[in-house]
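Participant: Input: one structure, supplied below.
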Amino acid sequence: MNTQSSLEQGAANCAVSELEKSLREEGRRRLAGSTQGFLKKHAPFQKMSADALQFFSERSEIVFYPAGTTILGPDNGNVQYFYLIESGKVQARQAGEVTVTEYSILSLGAGESFPIGAVTAGRPSTNIYTATEDTFCYQLPAADFLQLMTCSPEFNLFCTQYIASLLNQSRQQLQLQFAQKASEQQTLNSPLAGIGARNPISVMPDTPVRKALETMSAAGIGSLVVAGEDRKPVGVFTRSDLLDRVVLADLPHTAPISQAMSANPFKLEEHATAYDAMFAMATHGIRHVLVTDAEGKLTGVVSERDLFALQRVGLRQIRQTIESAPNVEALQQAAADVRQLSFNMLAQGVGAEQLTQFISALNDALTRRVLELNLHNHNFDGIDWAWLAFGSEGRDEQTFSTDQDNGIVYAVPEGETAEALKQRFLAFALDVNQDLDRCGFPLCKGNIMASNPQWCLTLNQWQQQFSSWIREPHPDALLNATIFFDFRPLYGKTELADAMRRYLLQHASATPLFLRAMAKNALDVEPPLGKLRDFNTDLEPGYPGKIDLKKYGSRIFVDVARIYALATGVHNTNSVQRLRLSAQRLNTKAEDVNAVLEALDFIQLLRLRHQYLEGEPGVQGDNLIEPDKLNELDRRILKESFRQARKIQSRLKLDYQVN
Amino acid sequence: MLGLKKFFKSGTPAPLPADVLAALEGWRASEAPPTDDLHFHVRYVIVDIVTTGMNAEKDELLGISAVAVRQHSILPNDALSIDFGAAGDDPSAVDRQLMALLKFIAKAPMVCYHFPYVGAFLQRVFKDRFGLDFQPQWVDLAWLLPSLFEDKAHSVMPLDHWIEVLGLDGGSGRRESMDNVLLLARLFQMLLVRAAGKQVDTAASLIDESRASSFLRRAY
């Protein structure tokens, strides 16, 4: 085509495009008119100005929720929309144990809206909203909601009054709860004297087995302390002893209990702490510790369960230590406590999802404190900025062998130059990175850190960067996407990160080529299932017989979760949540999703177990496990987990037609 | 009566303006979005027409309203409204309106109530004005609703029946064309949930289902 005709075509298209634009405007105007017919029947809209109503109507999408679907919950992350019910019924239910408002269940109908508090504060909802009937809602994007609050005084009054009543309710509830909890504060530093059962039931060593069993049965207990006349414990008899040493050993019921008990029980004195007991249980593989006074006389028994009950308080204590730490040295101690506590939790069988989230929560608190301490030397008053976490930290999936991946996003206020501001942020970031390193988060080998000028950018620059990776998905861009697209704001103005996320989701979901390239990349690695043997253990050069559970296990799930999240507009970064939420949107069967999530949880658990229990203290753990050394049950579950990985890969392959 | 008829009855239509021709060429060359995608990813265009009667050969097309449903949402920023009366006596203005409609639809699957009626009118205008055989992928709610909501009705029903049994507010008196489209869009949203529950979860399978349901009902 010559230049002349291409110019003509451009101009021609322009005339039609102009007309299309005005016909679209007319369409939008009429559609908004229909919405306004509804708004005018309900408060506070009936009092709002025509402009405000027009604004609401032109920006609200209409969405249908069939009876029984969850519209919104705490798992959905920061609230993205303000919802106004057009027809149907929605039930609001408090999530979790802590009640914030005086109601626990509330039913909402046509003309009522939610979640006003959460969307105003830009935080996740504390309620779970479920459609109890077929329900249509108008949903106004959070940014438009905030704009409407600034430009419509009537709407503003309605929302602020609502929030004020909510705050008042929540303050009363919280006071009540704190009063209750304060009386029951116990920590892992508490002495054993105050924990567990006092004056436990004991029998003399010469008591016949039958009599001892009768005592246990009558008291409804599973174990018994054997102590002499001086009350010094000499042994413990448990139900498993009954099997091994009485029934299977054909011991007559008249024999003394001393012949059936486990001798030399583990003892600690009363002034030892709950920590000591916990550590003893983890190292010796026992479930009970006997407590004695200074003379060695039995005064109590502490069980695993008693200690576990203490742990919630333990978490809170560590958190308080972190939040009030005066300097980095104090934080170093807190970081060591976090590791110790998670070790104990793992030893007691806490699930991988909870454990990694727990580690992330405390690490977040730690990082925030490091940032706060450094802000004493660096002043960014009046500047909007946020500290971002990337990679596993961004996904809330940290194990302890995780190094730093972070960055900064900022907005340049009028009167400042971007370059000067950047230099100030870089100096600040350098201090923070070094302090985090001292607290046990090693510097990133790939230099993905906020002190690297490449990752200390304005909102606009981040968006350009995202856009260029999406437009040209060459290998480096795809690698970066797997790290940087899992970002999460840790400190500062979270709205900046929200804006990044909206931009990212909008562009990624609209670029099938990019998603396809991501899918192709994610399919490069297959789960190590052998054709003849159970597992293919020859994949890691230099480590025959071993499997890298990150590379050939969890990463497969994480990569697939990311692609579906980007494609379906899921705002979350955590892989479990991504899989769960995108599955809802893609209409996947619940049992299929649960099988995938269980598989991921098991692989993560094996990784954690390997890093904590088999790794040397103080050494960076690896992810190399030997399947031959697993017990039969774990081997089978691992195999099934890899099968699930293969299954979601084939689904990805189909969905994105990668061969 | 302002309408399209006067432009069509004068034998051969006036030649298309250069800008419309160029845009039409661009439209012909453009690729249709894939239909093997899940509903969530597909942009459906819901359309309703205003005419002087039911006969596409004799009656006039007065206006068209349309709105897109994507990611299960009705999108206020993706709607279109055409009033052919606004074109006055200028045939090229009508051509531009029709071209804008084609660009808006962008070869997406279309959803209407009673395809033989809506489809016939659209086919005729595009044939007469553009010499174009307009054959988009159709989803016909009139046939599909009874086949997916068997518990509510077994045969083709007037639109108001569905509005009532599915609990929508149809308002009182005559509805504007855009109000009608929005009701269709809501019915379509409800239908998508039903369809996905019956494993009809891609656009292609929904279009097939629509075709099959109308064929079966007409044949038996």
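Letters A, B, ... go to the chains of the structure tokens in the order shown; residues in each chain start at 1; ligands are counted from 1 in the same order.
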Distance cut-off 6 Å, counting only C-alpha atoms - which residues of chain B neighbour chain A? Return them as a PyMOL selection string.

Facilitator: chain B and resi 19+22-23+73-76+79-81+96+100

Participant: Would you mind listing what lies within 9 Å of B:Thr52 as a VMD selection string, with only C-alpha atoms counted and same-chain residues fewer than 2 positions away left out?

Facilitator: chain B and resid 3 50 54 to 55 59 to 62

Participant: Using DSSP secondary structure from the backbone, list all strand (DSSP E) positions within stretch 33-187 of chain B, as a ChimeraX atom specification.

Facilitator: /B:44-51,61-70,73-83,110-112,138-140

Participant: Between atom CA of A:Val289 and atom CA of A:Thr273, what is the distance, to one decimal in Å?

Facilitator: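 These atoms are spaced 11.7 Å apart.
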
Participant: One decimal, Å: what's the distance from atom CA of A:Lys297 over to atom CA of A:Leu242, could you say?

Facilitator: 25.3 Å

Participant: Rounded to one decimal, what separation in Å do you get between atom CA of A:Thr494 and atom CA of A:Ala121?

Facilitator: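 Straight-line distance from atom CA of A:Thr494 to atom CA of A:Ala121 works out to 10.5 Å.
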
Participant: Restricting the calculation to only C-alpha atoms, which member of A:Gly196, A:Pro528, A:Pro265, A:Pro541 is positioned closest to A:Ala645?

Facilitator: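 Nearest candidate to A:Ala645 out of A:Gly196, A:Pro528, A:Pro265, A:Pro541: A:Pro528.
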